[in-house]
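**Student:** Input structure: run38.cif, which contains mmCIF, C-alpha atoms.
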data_final
#
loop_
_atom_site.label_atom_id
_atom_site.label_comp_id
_atom_site.auth_asym_id
_atom_site.auth_seq_id
_atom_site.Cartn_x
_atom_site.Cartn_y
_atom_site.Cartn_z
CA MET A 86 -7.35 -30.30 15.59
CA GLY A 87 -11.09 -30.21 16.19
CA LYS A 88 -13.63 -29.26 13.60
CA LYS A 89 -14.52 -26.11 15.45
CA SER A 90 -10.99 -24.68 15.53
CA ILE A 91 -10.54 -25.38 11.80
CA PHE A 92 -13.67 -23.40 11.15
CA ARG A 93 -12.38 -20.61 13.37
CA GLU A 94 -9.05 -20.37 11.49
CA PHE A 95 -11.10 -19.76 8.37
CA THR A 96 -13.64 -17.25 9.66
CA LYS A 97 -11.39 -15.11 11.88
CA GLY A 98 -9.96 -13.25 8.88
CA ILE A 99 -13.37 -12.28 7.57
CA LEU A 100 -14.72 -10.40 10.57
CA LYS A 101 -12.92 -10.65 13.88
CA GLU A 102 -9.39 -10.12 12.55
CA ASN A 103 -10.29 -8.46 9.27
CA PRO A 104 -6.94 -7.30 7.85
CA ILE A 105 -8.13 -3.90 6.62
CA PHE A 106 -10.73 -2.68 9.09
CA ILE A 107 -9.48 -4.29 12.30
CA ILE A 108 -5.70 -4.87 11.99
CA LEU A 109 -5.14 -2.04 9.47
CA LEU A 110 -2.73 -3.88 7.18
CA GLY A 111 -2.52 -3.58 3.41
CA LEU A 112 -4.01 -0.11 3.30
CA CYS A 113 -2.25 1.20 0.20
CA PRO A 114 -3.87 -1.19 -2.30
CA ALA A 115 -7.17 -0.96 -0.41
CA LEU A 116 -7.42 2.72 -1.21
CA GLY A 117 -5.42 2.82 -4.42
CA VAL A 118 -7.46 0.35 -6.47
CA SER A 119 -10.90 0.84 -4.96
CA SER A 120 -12.33 3.34 -7.45
CA LYS A 121 -14.07 0.53 -9.37
CA VAL A 122 -15.55 -2.74 -8.13
CA ILE A 123 -13.86 -4.78 -10.87
CA ASN A 124 -10.42 -3.49 -9.83
CA ALA A 125 -11.14 -4.49 -6.25
CA ILE A 126 -12.12 -8.00 -7.35
CA GLY A 127 -9.01 -8.34 -9.52
CA MET A 128 -6.71 -7.11 -6.77
CA GLY A 129 -8.40 -9.40 -4.25
CA ALA A 130 -7.96 -12.43 -6.52
CA GLY A 131 -4.27 -11.64 -6.95
CA VAL A 132 -3.76 -11.24 -3.21
CA ILE A 133 -5.64 -14.48 -2.42
CA PHE A 134 -3.44 -16.41 -4.86
CA VAL A 135 -0.17 -14.96 -3.53
CA LEU A 136 -1.25 -15.30 0.11
CA LEU A 137 -2.34 -18.91 -0.35
CA SER A 138 0.80 -19.95 -2.21
CA SER A 139 3.19 -18.17 0.13
CA ASN A 140 1.43 -19.52 3.23
CA ILE A 141 1.67 -23.07 1.84
CA PHE A 142 5.35 -22.71 0.96
CA VAL A 143 6.33 -21.02 4.20
CA SER A 144 4.57 -23.62 6.33
CA LEU A 145 6.16 -26.45 4.29
CA LEU A 146 9.64 -24.92 4.54
CA LYS A 147 9.42 -23.65 8.10
CA ASN A 148 11.85 -26.26 9.40
CA PHE A 149 14.43 -25.61 6.66
CA ILE A 150 14.61 -21.81 6.68
CA PRO A 151 17.25 -20.58 9.15
CA GLU A 152 15.83 -18.25 11.77
CA LYS A 153 18.13 -15.33 10.88
CA VAL A 154 17.30 -15.06 7.19
CA ARG A 155 13.62 -15.87 7.44
CA ILE A 156 12.27 -12.45 6.45
CA PRO A 157 14.38 -12.22 3.24
CA SER A 158 13.38 -15.81 2.41
CA TYR A 159 9.70 -14.98 2.83
CA ILE A 160 10.14 -11.92 0.63
CA VAL A 161 11.74 -14.02 -2.12
CA ILE A 162 8.91 -16.58 -1.96
CA ILE A 163 6.27 -13.84 -2.07
CA ALA A 164 8.01 -11.94 -4.87
CA SER A 165 8.17 -15.06 -7.06
CA PHE A 166 4.42 -15.59 -6.80
CA VAL A 167 3.76 -11.91 -7.40
CA THR A 168 5.82 -12.17 -10.60
CA ILE A 169 3.60 -15.09 -11.69
CA VAL A 170 0.45 -13.05 -11.02
CA GLU A 171 1.94 -10.11 -12.90
CA MET A 172 2.75 -12.18 -15.99
CA VAL A 173 -0.56 -14.07 -16.04
CA MET A 174 -2.56 -10.88 -15.60
CA GLN A 175 -0.59 -9.06 -18.28
CA ALA A 176 -1.19 -11.92 -20.72
CA TYR A 177 -4.86 -12.69 -20.11
CA LEU A 178 -6.38 -9.56 -18.54
CA PRO A 179 -4.38 -6.67 -20.05
CA SER A 180 -7.03 -4.02 -19.37
CA LEU A 181 -7.24 -4.96 -15.69
CA PHE A 182 -3.43 -5.01 -15.49
CA GLU A 183 -3.38 -1.52 -16.99
CA SER A 184 -5.86 -0.08 -14.51
CA LEU A 185 -4.26 -1.70 -11.46
CA GLY A 186 -0.92 -0.31 -12.65
CA VAL A 187 1.91 -0.17 -10.14
CA PHE A 188 -0.22 -1.86 -7.48
CA VAL A 189 0.23 -5.32 -9.05
CA PRO A 190 4.01 -5.52 -8.38
CA LEU A 191 3.35 -3.77 -5.07
CA ILE A 192 1.53 -6.89 -3.79
CA VAL A 193 5.08 -7.85 -2.71
CA VAL A 194 5.05 -5.24 0.03
CA ASN A 195 1.44 -5.85 1.05
CA CYS A 196 1.89 -6.21 4.80
CA VAL A 197 -0.99 -8.71 5.03
CA ILE A 198 1.01 -11.36 3.17
CA LEU A 199 4.32 -10.95 4.98
CA GLY A 200 2.38 -10.57 8.23
CA ARG A 201 0.61 -13.90 7.82
CA ALA A 202 3.85 -15.67 6.82
CA GLU A 203 5.61 -14.34 9.91
CA ALA A 204 2.75 -14.53 12.41
CA PHE A 205 0.95 -17.68 11.31
CA ALA A 206 2.42 -19.89 8.58
CA ASN A 207 5.85 -20.35 10.15
CA ARG A 208 4.41 -21.94 13.28
CA ASN A 209 1.37 -23.83 12.03
CA THR A 210 0.56 -26.86 9.89
CA VAL A 211 -0.07 -26.67 6.16
CA THR A 212 -3.83 -27.24 6.51
CA ALA A 213 -4.21 -24.51 9.11
CA SER A 214 -2.12 -22.16 6.96
CA ILE A 215 -4.29 -22.81 3.91
CA LEU A 216 -7.45 -22.03 5.88
CA ASP A 217 -5.85 -18.96 7.41
CA ALA A 218 -4.77 -17.71 3.98
CA LEU A 219 -8.21 -18.28 2.47
CA GLY A 220 -9.96 -16.55 5.37
CA MET A 221 -7.61 -13.58 5.41
CA GLY A 222 -7.65 -13.31 1.60
CA ILE A 223 -11.43 -13.37 1.46
CA GLY A 224 -11.66 -10.87 4.31
CA PHE A 225 -9.26 -8.58 2.44
CA THR A 226 -11.19 -8.94 -0.82
CA LEU A 227 -14.59 -8.33 0.80
CA SER A 228 -13.30 -5.17 2.49
CA LEU A 229 -11.87 -3.95 -0.82
CA ILE A 230 -15.19 -4.62 -2.56
CA LEU A 231 -17.05 -2.79 0.21
CA ILE A 232 -14.87 0.32 -0.14
CA ALA A 233 -15.10 0.13 -3.94
CA LEU A 234 -18.90 -0.25 -3.85
CA VAL A 235 -19.34 2.85 -1.71
CA ARG A 236 -16.90 4.87 -3.81
CA GLU A 237 -18.17 3.79 -7.21
CA VAL A 238 -21.87 4.05 -6.43
CA LEU A 239 -21.56 7.51 -4.88
CA GLY A 240 -18.77 8.80 -7.12
CA ALA A 241 -19.90 7.63 -10.54
CA GLY A 242 -23.34 6.09 -10.06
CA THR A 243 -22.22 2.79 -11.59
CA ILE A 244 -21.12 -0.67 -10.52
CA THR A 245 -18.53 -2.14 -12.87
CA ILE A 246 -18.19 -5.91 -12.84
CA MET A 247 -16.94 -8.48 -15.35
CA ALA A 248 -18.33 -8.08 -18.90
CA ILE A 249 -20.05 -11.30 -20.01
CA GLY A 250 -21.48 -11.69 -23.52
CA ASP A 251 -23.85 -8.85 -24.45
CA PHE A 252 -23.71 -7.39 -20.95
CA ASP A 253 -20.95 -4.76 -20.86
CA GLY A 254 -20.42 -5.22 -17.14
CA ILE A 255 -21.58 -1.77 -16.04
CA ILE A 256 -24.69 -1.48 -13.87
CA LYS A 257 -26.06 2.05 -13.77
CA ILE A 258 -27.73 3.32 -10.61
CA PRO A 259 -30.75 5.39 -11.78
CA VAL A 260 -30.73 8.66 -9.80
CA ILE A 261 -27.07 8.97 -8.81
CA TYR A 262 -25.80 8.27 -12.34
CA ASN A 263 -27.08 11.65 -13.54
CA ALA A 264 -25.59 13.61 -10.67
CA PRO A 265 -22.73 11.69 -9.05
CA ALA A 266 -20.64 13.13 -6.22
CA ARG A 267 -17.35 12.99 -8.11
CA VAL A 268 -15.21 13.57 -5.04
CA PHE A 269 -15.71 9.96 -3.92
CA GLY A 270 -13.94 8.74 -7.03
CA LEU A 271 -10.92 10.95 -6.30
CA SER A 272 -8.16 10.30 -3.81
CA ALA A 273 -9.73 12.52 -1.14
CA GLY A 274 -12.92 10.47 -1.31
CA ALA A 275 -11.02 7.24 -0.73
CA LEU A 276 -9.54 8.53 2.54
CA LEU A 277 -12.90 9.90 3.69
CA VAL A 278 -14.77 6.67 2.93
CA MET A 279 -12.10 4.64 4.71
CA GLY A 280 -12.38 6.90 7.78
CA TYR A 281 -16.15 6.62 7.97
CA LEU A 282 -16.15 2.85 7.40
CA LYS A 283 -13.53 2.35 10.12
CA ALA A 284 -15.61 4.50 12.48
CA PHE A 285 -18.64 2.36 11.63
CA PHE A 286 -16.74 -0.84 12.43
CA ASN A 287 -15.51 0.67 15.72
CA TRP A 288 -19.05 1.61 16.65
CA TYR A 289 -20.36 -1.81 15.64
CA SER A 290 -17.79 -3.79 17.62
CA SER A 291 -18.12 -1.61 20.74
CA ARG A 292 -21.89 -2.05 20.61
CA ARG A 293 -21.50 -5.81 20.31
CA ARG A 294 -19.13 -5.86 23.24
CA ALA A 295 -21.58 -3.88 25.37
CA ALA A 296 -24.49 -6.16 24.50
CA MET B 215 10.99 16.97 -18.32
CA SER B 216 12.97 19.52 -16.36
CA TYR B 217 14.14 18.74 -12.85
CA ILE B 218 12.03 21.51 -11.30
CA ALA B 219 8.96 20.04 -12.98
CA ILE B 220 9.76 16.60 -11.57
CA PHE B 221 10.24 18.14 -8.13
CA ILE B 222 6.91 19.97 -8.15
CA THR B 223 5.11 16.97 -9.60
CA PHE B 224 6.25 14.54 -6.94
CA VAL B 225 6.01 16.87 -3.95
CA PHE B 226 2.66 18.52 -4.68
CA ILE B 227 0.75 17.26 -7.72
CA ASN B 228 1.33 13.53 -7.37
CA ASN B 229 2.02 13.53 -3.65
CA PHE B 230 2.77 9.91 -2.81
CA ILE B 231 0.46 9.69 0.17
CA LEU B 232 -2.38 12.00 -0.69
CA THR B 233 -2.93 11.13 -4.34
CA GLN B 234 -1.11 7.85 -5.01
CA PHE B 235 -1.77 6.06 -1.70
CA LEU B 236 1.78 4.77 -1.37
CA GLY B 237 3.17 4.55 2.14
CA LEU B 238 -0.11 4.82 4.00
CA CYS B 239 0.85 2.41 6.79
CA PRO B 240 3.56 4.66 8.30
CA PHE B 241 1.42 7.71 7.50
CA ILE B 242 -1.27 6.43 9.85
CA GLY B 243 0.99 4.47 12.21
CA VAL B 244 3.86 6.90 12.90
CA SER B 245 2.06 10.25 12.79
CA LYS B 246 0.98 10.44 16.41
CA ASN B 247 3.66 12.98 17.37
CA THR B 248 5.72 15.43 15.39
CA GLU B 249 9.12 14.18 16.47
CA SER B 250 8.72 10.63 15.22
CA ALA B 251 6.95 11.89 12.09
CA ILE B 252 10.03 13.98 11.21
CA GLY B 253 12.30 11.01 11.90
CA MET B 254 10.25 8.71 9.70
CA GLY B 255 9.94 11.34 6.96
CA PHE B 256 13.70 11.91 6.73
CA ALA B 257 14.46 8.19 6.92
CA VAL B 258 12.08 7.53 4.01
CA THR B 259 13.48 10.43 1.95
CA PHE B 260 17.01 9.19 2.52
CA VAL B 261 16.25 5.59 1.54
CA MET B 262 14.11 6.60 -1.44
CA ALA B 263 16.85 8.81 -2.88
CA ILE B 264 19.46 6.06 -2.59
CA ALA B 265 17.04 3.33 -3.69
CA SER B 266 16.02 5.14 -6.85
CA ILE B 267 19.59 5.57 -8.02
CA VAL B 268 20.63 2.01 -7.09
CA THR B 269 17.59 0.39 -8.71
CA TRP B 270 18.22 2.53 -11.80
CA MET B 271 21.75 1.14 -12.00
CA VAL B 272 20.59 -2.44 -11.40
CA ASN B 273 17.94 -2.07 -14.08
CA ASN B 274 20.17 -0.50 -16.71
CA PHE B 275 23.44 -2.34 -16.10
CA ILE B 276 22.13 -5.81 -15.18
CA LEU B 277 18.50 -6.46 -16.07
CA ILE B 278 18.31 -4.78 -19.49
CA PRO B 279 21.63 -6.13 -20.90
CA LEU B 280 20.69 -9.66 -19.81
CA ASP B 281 17.12 -9.17 -21.03
CA ILE B 282 15.55 -10.36 -17.77
CA GLN B 283 13.25 -7.44 -16.99
CA PHE B 284 10.52 -9.86 -15.91
CA LEU B 285 12.57 -10.34 -12.74
CA GLN B 286 12.26 -6.63 -11.96
CA THR B 287 9.91 -6.90 -8.96
CA ILE B 288 11.89 -9.64 -7.24
CA THR B 289 15.28 -7.96 -7.87
CA PHE B 290 14.12 -4.54 -6.75
CA ILE B 291 12.66 -5.76 -3.49
CA LEU B 292 15.85 -7.68 -2.69
CA VAL B 293 18.01 -4.68 -3.58
CA ILE B 294 15.86 -2.43 -1.38
CA ALA B 295 15.88 -4.86 1.53
CA SER B 296 19.66 -5.22 1.52
CA LEU B 297 20.09 -1.50 0.92
CA VAL B 298 18.03 -0.67 3.99
CA GLN B 299 20.14 -3.07 6.04
CA PHE B 300 23.33 -1.51 4.64
CA VAL B 301 22.16 2.05 5.28
CA GLU B 302 21.30 1.06 8.82
CA MET B 303 24.83 -0.28 9.41
CA VAL B 304 26.55 2.72 7.81
CA VAL B 305 24.47 5.25 9.72
CA GLN B 306 25.13 3.42 12.97
CA LYS B 307 28.88 3.52 12.30
CA ILE B 308 29.22 7.07 11.00
CA SER B 309 26.71 8.96 13.07
CA PRO B 310 25.31 7.36 16.21
CA GLN B 311 23.25 10.49 16.73
CA LEU B 312 21.49 10.17 13.39
CA TYR B 313 21.07 6.46 14.09
CA LYS B 314 19.35 7.26 17.34
CA ALA B 315 16.91 9.52 15.51
CA LEU B 316 16.24 7.32 12.47
CA GLY B 317 17.24 3.88 13.73
CA ILE B 318 13.93 2.43 14.80
CA PHE B 319 12.25 3.53 11.57
CA LEU B 320 14.77 2.03 9.17
CA PRO B 321 13.72 -1.65 9.38
CA LEU B 322 10.09 -0.63 8.80
CA ILE B 323 11.00 0.99 5.51
CA THR B 324 11.67 -2.27 3.64
CA THR B 325 7.97 -3.00 3.45
CA ASN B 326 7.01 0.60 2.75
CA CYS B 327 5.27 0.62 -0.61
CA ALA B 328 6.61 4.09 -1.34
CA VAL B 329 10.19 2.88 -1.81
CA LEU B 330 9.39 0.02 -4.19
CA GLY B 331 6.80 2.31 -5.77
CA ILE B 332 9.31 5.01 -6.72
CA ALA B 333 11.69 2.39 -8.16
CA LEU B 334 8.94 0.98 -10.38
CA ILE B 335 7.58 4.40 -11.36
CA ASN B 336 11.07 5.53 -12.40
CA VAL B 337 11.25 2.55 -14.76
CA THR B 338 7.79 3.09 -16.29
CA LYS B 339 8.54 6.80 -16.81
CA ASN B 340 11.90 6.04 -18.46
CA TYR B 341 13.83 8.47 -16.28
CA ASN B 342 17.61 8.72 -16.60
CA ALA B 343 19.88 8.42 -13.56
CA LEU B 344 19.69 12.02 -12.40
CA GLU B 345 15.96 12.27 -13.07
CA SER B 346 15.38 9.09 -11.02
CA PHE B 347 17.40 10.56 -8.18
CA THR B 348 15.42 13.81 -8.31
CA ALA B 349 12.15 11.89 -8.38
CA GLY B 350 13.27 9.82 -5.38
CA ILE B 351 14.20 12.84 -3.28
CA SER B 352 11.10 14.78 -4.26
CA ALA B 353 8.73 11.90 -3.56
CA GLY B 354 10.42 11.47 -0.20
CA LEU B 355 10.03 15.16 0.58
CA GLY B 356 6.37 14.94 -0.43
CA PHE B 357 6.00 12.09 2.05
CA LEU B 358 7.77 14.15 4.72
CA LEU B 359 5.48 17.12 4.06
CA ALA B 360 2.33 15.01 4.30
CA ILE B 361 3.33 13.10 7.44
CA LEU B 362 4.53 16.31 9.13
CA LEU B 363 1.24 18.12 8.44
CA MET B 364 -0.65 15.05 9.59
CA SER B 365 1.22 14.77 12.88
CA ASN B 366 0.52 18.42 13.63
CA ILE B 367 -3.15 17.90 12.95
CA ARG B 368 -3.25 14.82 15.15
CA GLU B 369 -1.52 16.56 18.03
CA ARG B 370 -4.25 19.18 17.92
CA LEU B 371 -6.95 16.51 17.63
CA ASP B 372 -5.78 15.10 20.96
CA LEU B 373 -6.99 18.28 22.63
CA VAL B 374 -10.51 18.29 21.25
CA LYS B 375 -13.47 16.09 21.96
CA VAL B 376 -13.94 13.54 19.19
CA PRO B 377 -16.95 11.15 19.14
CA LYS B 378 -15.92 7.78 20.51
CA PRO B 379 -16.10 5.65 17.34
CA PHE B 380 -14.07 8.26 15.44
CA GLN B 381 -11.18 8.44 17.91
CA GLY B 382 -7.74 7.45 16.66
CA VAL B 383 -7.49 6.07 13.17
CA PRO B 384 -10.88 7.07 11.65
CA ILE B 385 -10.44 10.76 12.40
CA ALA B 386 -6.88 10.53 11.05
CA PHE B 387 -8.21 9.17 7.77
CA ILE B 388 -10.86 11.85 7.55
CA SER B 389 -8.30 14.61 8.23
CA GLY B 390 -6.12 13.02 5.57
CA GLY B 391 -9.04 13.11 3.16
CA LEU B 392 -9.63 16.79 3.79
CA MET B 393 -5.91 17.42 3.31
CA ALA B 394 -6.03 15.54 0.00
CA LEU B 395 -8.95 17.75 -0.99
CA ALA B 396 -6.78 20.81 -0.31
CA PHE B 397 -3.90 19.31 -2.30
CA MET B 398 -6.20 19.00 -5.32
CA ALA B 399 -5.54 22.70 -5.86
CA PHE B 400 -2.10 21.63 -7.11
CA ASP B 401 -2.70 20.24 -10.58
CA LYS B 402 -1.10 20.18 -14.01
CA ALA B 403 -2.24 23.76 -14.60
CA LEU B 404 0.07 24.91 -11.82
CA LEU B 405 3.01 23.43 -13.68
CA THR B 406 2.17 25.10 -16.98
CA ASN B 407 1.54 28.43 -15.26
CA LEU B 408 4.80 28.29 -13.34
CA LEU B 409 7.15 27.00 -16.01
CA GLY B 410 5.36 28.05 -19.15
#
Write the structure described by the file as structure tokens, please.

**Tutor:**
Amino acid sequence: MGKKSIFREFTKGILKENPIFIILLGLCPALGVSSKVINAIGMGAGVIFVLLSSNIFVSLLKNFIPEKVRIPSYIVIIASFVTIVEMVMQAYLPSLFESLGVFVPLIVVNCVILGRAEAFANRNTVTASILDALGMGIGFTLSLILIALVREVLGAGTITIMAIGDFDGIIKIPVIYNAPARVFGLSAGALLVMGYLKAFFNWYSSRRRAA
Amino acid sequence: MSYIAIFITFVFINNFILTQFLGLCPFIGVSKNTESAIGMGFAVTFVMAIASIVTWMVNNFILIPLDIQFLQTITFILVIASLVQFVEMVVQKISPQLYKALGIFLPLITTNCAVLGIALINVTKNYNALESFTAGISAGLGFLLAILLMSNIRERLDLVKVPKPFQGVPIAFISGGLMALAFMAFDKALLTNLLG
């Protein structure tokens, strides 16, 4: 495999085949946990870990898994890694685990992960699968952070990131903080933001095609 | 919590799609026309009702006695996957007509977050068997209501002129957002006013 195609396996997930804005997979967590930037980062990290591990395992085992039971086998592999994420997060980041709630175990049914196992990892080499998983995972995380940024800045006037030392992890945006548009933090706001962002991406890609 | 309260909570106040964001993929993917939206809605309701009672039994008769609740996620997803397969076979045998209506939607349901979601929510809320069953049916009906309304809206949207970048999915999301805004009228106060 040439250097160029390796690079392409990695970057395709970030823009051209972005799982959320272009292929529309994994929408539930994208909207459910995007009210704060820190939740988006946590969710993204969990998904990257599960996606990477399941892609590696599926591409290693692709010759041993019988064709007929492949989907259940993938689900078992994915569910085991999700259980690991769940336990680690509960032990070391209990507050994040609390705010992500039911969406942590629901990584199992995130279509992005099963989709990559079925569409990519079971017919490609381990290296290509690792790059694909990293690209897709990063694309997913960046989209989540983008949605969360829009929602948190407009809806609460803050940006919440990891607390380090004296810094409590909350950046306040001067003007909006005093009069935030609360609706963006609610469920209705999530759907609206997603609609407008998708429209923006449609407009952007059609303009690029025309140029 | 009384059964009526559970019903109202899951259909209106905590509607799975519009406030919890569970089951968005079929909500956007299968809501293009009313007929398939109804099929999908009933298929999901059916599976959710059965799944909530079966996962309740698995949890209380197997996982808790053996003290292996950490395997909850992995067991539940396997139970749901085999259940969906089983339901598909039974429906095909008993009622070919129903199978024709629901058949193509059934395999999609395994990876529908709503089904695993209701199983996990039942556990965190400590519902008993009948309460879990009620929650399953009500959440399914909430899903049916939302997807039915959505498909009607989208059929009408086909007839109007929508700006090019907004066509298809974006306008569906925005309509969903406005619908969610309307559903915000249903809140906890409604429950206290109705049931005292």

**Student:** Tell me which residues the PyMOL selection byres ((chain A) within 8 of (chain B)) grabs here, as JSON, numbers by chain.

**Tutor:** {"A": [109, 110, 111, 112, 113, 114, 116, 117, 157, 160, 161, 164, 165, 168, 187, 190, 191, 193, 194, 195, 196, 272, 273, 274, 275, 276, 277, 278, 279, 280, 281, 282, 283, 284, 285, 287, 288]}

**Student:** What gap, in Å, lies between atom CA of Ile218 of chain B and atom CA of Ala360 of chain B?

**Tutor:**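 Spanning atom CA of Ile218 of chain B to atom CA of Ala360 of chain B is a straight-line distance of 19.5 Å.
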
**Student:** Mind giving me the straight-line distance from atom CA of Phe92 of chain A to atom CA of Leu216 of chain A in Å, one decimal?

**Tutor:**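 Atom CA of Phe92 of chain A sits 8.3 Å away from atom CA of Leu216 of chain A.
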
**Student:** Written as a PDB file with C-alpha atoms, in the coordinates of the input, what is the full residue list that the PyMOL selection byres ((chain B and resi 320) around 10) yields on the file shown?

**Tutor:**
ATOM      1  CA  GLY B 253      12.300  11.010  11.900  1.00  0.00           C
ATOM      2  CA  MET B 254      10.250   8.710   9.700  1.00  0.00           C
ATOM      3  CA  ALA B 257      14.460   8.190   6.920  1.00  0.00           C
ATOM      4  CA  VAL B 258      12.080   7.530   4.010  1.00  0.00           C
ATOM      5  CA  VAL B 261      16.250   5.590   1.540  1.00  0.00           C
ATOM      6  CA  VAL B 298      18.030  -0.670   3.990  1.00  0.00           C
ATOM      7  CA  GLN B 299      20.140  -3.070   6.040  1.00  0.00           C
ATOM      8  CA  VAL B 301      22.160   2.050   5.280  1.00  0.00           C
ATOM      9  CA  GLU B 302      21.300   1.060   8.820  1.00  0.00           C
ATOM     10  CA  TYR B 313      21.070   6.460  14.090  1.00  0.00           C
ATOM     11  CA  LEU B 316      16.240   7.320  12.470  1.00  0.00           C
ATOM     12  CA  GLY B 317      17.240   3.880  13.730  1.00  0.00           C
ATOM     13  CA  ILE B 318      13.930   2.430  14.800  1.00  0.00           C
ATOM     14  CA  PHE B 319      12.250   3.530  11.570  1.00  0.00           C
ATOM     15  CA  PRO B 321      13.720  -1.650   9.380  1.00  0.00           C
ATOM     16  CA  LEU B 322      10.090  -0.630   8.800  1.00  0.00           C
ATOM     17  CA  ILE B 323      11.000   0.990   5.510  1.00  0.00           C
ATOM     18  CA  THR B 324      11.670  -2.270   3.640  1.00  0.00           C
TER      19      THR B 324
END

**Student:** Could you pull the residues within 6 Å of segment 363-369 of chain B, counting only C-alpha atoms, minus those fewer than 6 positions along the same chain, as a list in words?

**Tutor:** Ser245, Lys246, Asn247 and Thr248 of chain B

**Student:** Expressed in Å to a single decimal, how great is the separation between atom CA of Ile105 of chain A and atom CA of Val132 of chain A?

**Tutor:**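 Separation between atom CA of Ile105 of chain A and atom CA of Val132 of chain A: 13.0 Å.
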
**Student:** Starting from the PyMOL selection byres ((chain A and resi 242) around 10), expand the selection into actual residues of this file and give them as a VMD selection string.

**Tutor:** chain A and resid 234 to 241 243 to 245 256 to 267

**Student:** Selected residues, C-alpha atoms, written as an mmCIF file, in the coordinates of the input, please.

**Tutor:**
data_model
loop_
_atom_site.group_PDB
_atom_site.id
_atom_site.type_symbol
_atom_site.label_atom_id
_atom_site.label_comp_id
_atom_site.auth_asym_id
_atom_site.auth_seq_id
_atom_site.Cartn_x
_atom_site.Cartn_y
_atom_site.Cartn_z
ATOM 1 C CA LEU A 234 -18.900 -0.250 -3.850
ATOM 2 C CA VAL A 235 -19.340 2.850 -1.710
ATOM 3 C CA ARG A 236 -16.900 4.870 -3.810
ATOM 4 C CA GLU A 237 -18.170 3.790 -7.210
ATOM 5 C CA VAL A 238 -21.870 4.050 -6.430
ATOM 6 C CA LEU A 239 -21.560 7.510 -4.880
ATOM 7 C CA GLY A 240 -18.770 8.800 -7.120
ATOM 8 C CA ALA A 241 -19.900 7.630 -10.540
ATOM 9 C CA THR A 243 -22.220 2.790 -11.590
ATOM 10 C CA ILE A 244 -21.120 -0.670 -10.520
ATOM 11 C CA THR A 245 -18.530 -2.140 -12.870
ATOM 12 C CA ILE A 256 -24.690 -1.480 -13.870
ATOM 13 C CA LYS A 257 -26.060 2.050 -13.770
ATOM 14 C CA ILE A 258 -27.730 3.320 -10.610
ATOM 15 C CA PRO A 259 -30.750 5.390 -11.780
ATOM 16 C CA VAL A 260 -30.730 8.660 -9.800
ATOM 17 C CA ILE A 261 -27.070 8.970 -8.810
ATOM 18 C CA TYR A 262 -25.800 8.270 -12.340
ATOM 19 C CA ASN A 263 -27.080 11.650 -13.540
ATOM 20 C CA ALA A 264 -25.590 13.610 -10.670
ATOM 21 C CA PRO A 265 -22.730 11.690 -9.050
ATOM 22 C CA ALA A 266 -20.640 13.130 -6.220
ATOM 23 C CA ARG A 267 -17.350 12.990 -8.110
#
